[in-house]
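Here's the structure, in structure tokens; my notes come after.
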Amino acid sequence: MSTNVLLLGGGGREHAIAWKLAQSPRLGSLSSAPGNAGTAQYGENLAGLDENDGAAVVAAAARLREALAIVGPEAPLAAGVADALRAEGVPVFGPSQAAAKIESSKSFAKELMHDAGIETGHAATFDDPEAAMHYVRRFGGEHVVKADGLAAGKGVAVCDTPGEALAAIEAAMVGGVFGEAGARVLVEQRLRGPETSAHAFTDGTSVAHMPFSCDHKPVFDGDRGPNTGGMGVYSPPGWLAEEDARAIECEVTERAVAALSASGREYRGVLYPGMMMTADGPRVIEFNCRFGDPEAEALLPRLRSDLLEICEAVAHGRLADVKVEWSDEATVGVVMASGGYPGGYETGLPISGVGGSDYGVQVFLAGAQRDEAGVLRTAGGRVLCVVASGASLAEARATAYDRVRAISFEGAHYRTDIGAREGGMDGGA
Ligand code: AMP
Ligand code: GLY
């Protein structure tokens with residue numbers, strides 16, 4: 001029996017998911033909403049469908065028989081799209097709105113961590129800007145000011161001085177730069193150390209941990225410049241101590257899954273704690289309720305098992321019945337971005353050199369679409385992610401950059417140091 005998948009999202013992560021699903025003998029049709037030029041290689045794109053509109057997504061799923069919905073990004077989950085689908089009997093890979101709150105409300109995540117005994121930085125939550133500013137003035141020091149709600153990865157200000165923290169509070173709570181998401185802010189203790197992303201499949205009861213990976217958020221080499229959605233990724237981080245890895249799996253991921261389940265919040269999908277390895281031990285920076293992007297691009301090529309089988313098992317609450325196996329290979333993913341990103345950028349520029357796939361290298365398209373003539377053109381900030389596998393990180397890195405140099409579009413920029421400083425500094429604040 002085959003399964004017809006409705007995949008929500010349209011980034012590099014969704015191309016990687018589509019690519020992996022297409023390797024499954026169980027896949028019937030694949031429909032992506034809105035999709036991109038990458039997902040279009042494996043099925044139809046429902047470009048006009050708003051992935052955050054529960055009723056529209058339910059209607060699209062109803063047109064597919066034997067459908068499974070897989071939700072890529074956080075916004076549809078926070079909007080309750082998974083709940084709308086489940087209410088109509090469509091199995092979904094993606095948590096309920098109540099469980100997705102672990103990402104969509106940082107104050108909820110802090111409370112959950114507090115109650116479950118999960119280590120994280122101290123933070124105070126404020127609904128009143130005066131009170132938040134008073135707190136910063138009183139305690140001084142270095143703070144991180146975070147918008148409570150979803151802010152497309154831009155709601156976090158890492159501040160060197162109290163003055164910067166006051167300005168960040170003002171911008172979020174008075175200036176409203178993050179809209180509703182910034183009406184409540186957290187003022188958090190600034191932590192230091194290298195960062196790593198933990199990912200796990202879970203059906204709310206069983207947990208299958210994925211390998212660790214590391215994102216590179218700042219736009220320029222050497223972690224300089226403003227933060228982006230992620231400029232590159234590698235897996236595994238050889239610098240991560242085995243005992244720290246196990247501690248994160250047991251004392252963070254598994255505890256969070258148990259706490260969500262105990263509170264009656266249905267969690268079926270990927271849980272991804274973003275971690276900082278401090279001198280005092282691993283600390284949670286944030287929880288995400290979905291695959292990271294670009295982390296998915298580096299993780300899925302390492303997955304040996306059938307992704308569709310795993311997603312179906314998760315959706316039906318029987319993850320314990322399937323095998324989830326990973327290769328020992330290393331992967332490095334380099335993002336090529338539009339000129340100006342993460343600020344303003346032009347779109348519609350022709351992309352050359354993407355070509356077919358070479359052995360051990362994938363070009364996952366993100367902000368890229370084909371025009372009527374079939375020409376591949378830029379359509380977003382992060383345009384694509386070149387991912388290579390290798391016996392070592394150095395080998396994967398060399399292969400990835402060889403492929404990157406063959407691709408071009410006007411204004412293209414990328415970091416040249418992805419996975420290069422394997423000493424634990426990558427991604428470190
Ligand atoms: P987020 O949007 O929550 O992923 O945060 C973006 C980045 O801000 C993280 O990857 C960290 O580099 C940084 N960050 C978040 N929280 C803290 C913290 N408590 N201390 C230092 N840096 C932080
Ligand atoms: N790579 C960071 C994120 O997906 O949130």
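Letters for chains follow the order of the structure tokens (A, B, ...), residue numbers begin at 1 for each chain, and ligand numbers begin at 1 in the order shown.
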
Restrict the calculation to only C-alpha atoms and all ligand atoms, then for each residue of chain A with any atom at most 6 Å from an atom of ligand 2 give the closest atom pair and their distance in Å to one decimal, rows by chain and rising residue number, as CSV.
```
residue,atom,partner,partner_atom_place_in_ligand_line,distance
A:Asp215,CA,ligand 2,1 (N),5.6
A:Gly229,CA,ligand 2,2 (C),5.9
A:Gly230,CA,ligand 2,1 (N),5.3
A:Gly292,CA,ligand 2,4 (O),3.3
A:Asp293,CA,ligand 2,4 (O),4.1
A:Pro294,CA,ligand 2,1 (N),5.4
A:Glu295,CA,ligand 2,1 (N),5.9
```

Contacts with ligand 1 at most 9 Å, only C-alpha atoms and all ligand atoms counted, listed as a count of residues only:
48

Give me the residues near A:Ala40 as a PyMOL selection string, where near means some atom within 9 Å (using only C-alpha atoms) and where sequence neighbours in that chain fewer than 6 positions away do not count.
chain A and resi 15+31-32

Could you write those residues out with C-alpha atoms, as a PDB file, in the first residue's frame?
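After the write, selection12.pdb holds the following:
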```pdb
ATOM      1  CA  HIS A  15      13.510  19.811  -0.353  1.00  0.00           C
ATOM      2  CA  SER A  31       2.185  17.310  -2.955  1.00  0.00           C
ATOM      3  CA  SER A  32       4.030  20.274  -1.438  1.00  0.00           C
TER       4      SER A  32
END
```

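Picture a line from atom CA of A:Ser213 to atom CA of A:Trp239; it runs 11.1 Å.
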
How many Å lie between atom CA of A:Pro237 and atom CA of A:Pro211, rounded to one decimal?
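Going from atom CA of A:Pro237 over to atom CA of A:Pro211 covers 9.0 Å.
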
Between A:Ala167, A:Leu21, A:Ala259, A:Leu77, which has the minimum distance to A:Ser305 (counting only C-alpha atoms)?
A:Leu21

As a PyMOL selection string, please: all residues of stretch 226-404 of chain A that backbone DSSP puts in helix (DSSP H, G or I).
chain A and resi 242-262+295-302+307-315+319-321+393-404

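Using only C-alpha atoms, the residues found no farther than 9 Å from A:Gln362, other than those of its own chain fewer than 5 positions away, are Ala16, Glu297, Pro301, Gly356, Ser357, Cys385, Val386, Val387, Ala388, Ser389 and Ala400 of chain A.
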
With all heavy atoms retained, write the just-selected residues as a compact mmCIF listing (two decimals), in the first residue's frame.
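Saved file selection_21.txt follows:
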```txt
# COMPACT_ATOMS: atom_id res chain seq x y z
N ALA A 16 14.93 18.69 1.28
CA ALA A 16 15.64 17.53 1.84
C ALA A 16 14.64 16.45 2.28
O ALA A 16 14.87 15.26 2.05
CB ALA A 16 16.51 17.97 3.01
N GLU A 297 19.01 19.38 6.35
CA GLU A 297 19.77 19.09 5.13
C GLU A 297 21.03 18.27 5.42
O GLU A 297 21.51 17.53 4.56
CB GLU A 297 20.15 20.41 4.41
CG GLU A 297 18.96 21.15 3.80
CD GLU A 297 18.38 22.22 4.69
OE1 GLU A 297 18.02 21.90 5.85
OE2 GLU A 297 18.28 23.38 4.26
N PRO A 301 20.61 13.19 4.87
CA PRO A 301 21.51 12.33 4.09
C PRO A 301 22.19 11.26 4.95
O PRO A 301 22.69 10.27 4.41
CB PRO A 301 22.53 13.31 3.50
CG PRO A 301 21.79 14.61 3.44
CD PRO A 301 20.93 14.61 4.68
N GLY A 356 22.61 18.26 -12.33
CA GLY A 356 22.10 17.02 -11.73
C GLY A 356 22.79 16.75 -10.42
O GLY A 356 23.50 17.59 -9.89
N SER A 357 22.58 15.55 -9.87
CA SER A 357 23.21 15.26 -8.58
C SER A 357 24.45 14.39 -8.81
O SER A 357 24.45 13.48 -9.62
CB SER A 357 22.23 14.56 -7.66
OG SER A 357 21.72 13.43 -8.29
N CYS A 385 21.26 25.08 -0.47
CA CYS A 385 22.24 24.52 0.47
C CYS A 385 22.90 23.32 -0.19
O CYS A 385 22.21 22.36 -0.55
CB CYS A 385 21.54 24.11 1.77
SG CYS A 385 22.63 23.45 3.04
N VAL A 386 24.21 23.41 -0.39
CA VAL A 386 24.96 22.30 -0.99
C VAL A 386 25.44 21.39 0.15
O VAL A 386 26.15 21.86 1.04
CB VAL A 386 26.17 22.82 -1.78
CG1 VAL A 386 27.02 21.66 -2.29
CG2 VAL A 386 25.71 23.71 -2.93
N VAL A 387 25.04 20.13 0.11
CA VAL A 387 25.40 19.21 1.20
C VAL A 387 26.22 18.05 0.64
O VAL A 387 25.81 17.40 -0.32
CB VAL A 387 24.14 18.65 1.88
CG1 VAL A 387 24.53 17.69 3.01
CG2 VAL A 387 23.30 19.78 2.45
N ALA A 388 27.39 17.83 1.24
CA ALA A 388 28.23 16.70 0.81
C ALA A 388 28.45 15.77 1.99
O ALA A 388 28.50 16.20 3.14
CB ALA A 388 29.56 17.22 0.30
N SER A 389 28.58 14.49 1.66
CA SER A 389 28.91 13.47 2.66
C SER A 389 30.36 13.06 2.46
O SER A 389 30.88 13.17 1.35
CB SER A 389 28.05 12.22 2.47
OG SER A 389 26.70 12.57 2.49
N ALA A 400 31.90 19.64 -0.65
CA ALA A 400 30.81 20.63 -0.66
C ALA A 400 31.29 21.92 -1.33
O ALA A 400 30.61 22.47 -2.20
CB ALA A 400 30.32 20.90 0.76
```

Could you pull out the strand (DSSP E or B) residues of stretch 108-340 of chain A from DSSP and send them as an MDAnalysis selection string?
chainID A and resid 120 123:126 143:147 156:158 185:189 195:197 200:202 207:209 213:215 218:220 224:227 232:235 269:278 281:288 303 326 330:337

With only C-alpha atoms as the atoms that count, which of A:Gly232, A:Gly264, A:Pro350, A:Gly11 lies nearest to A:Tyr401?
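Nearest to A:Tyr401: A:Gly232.
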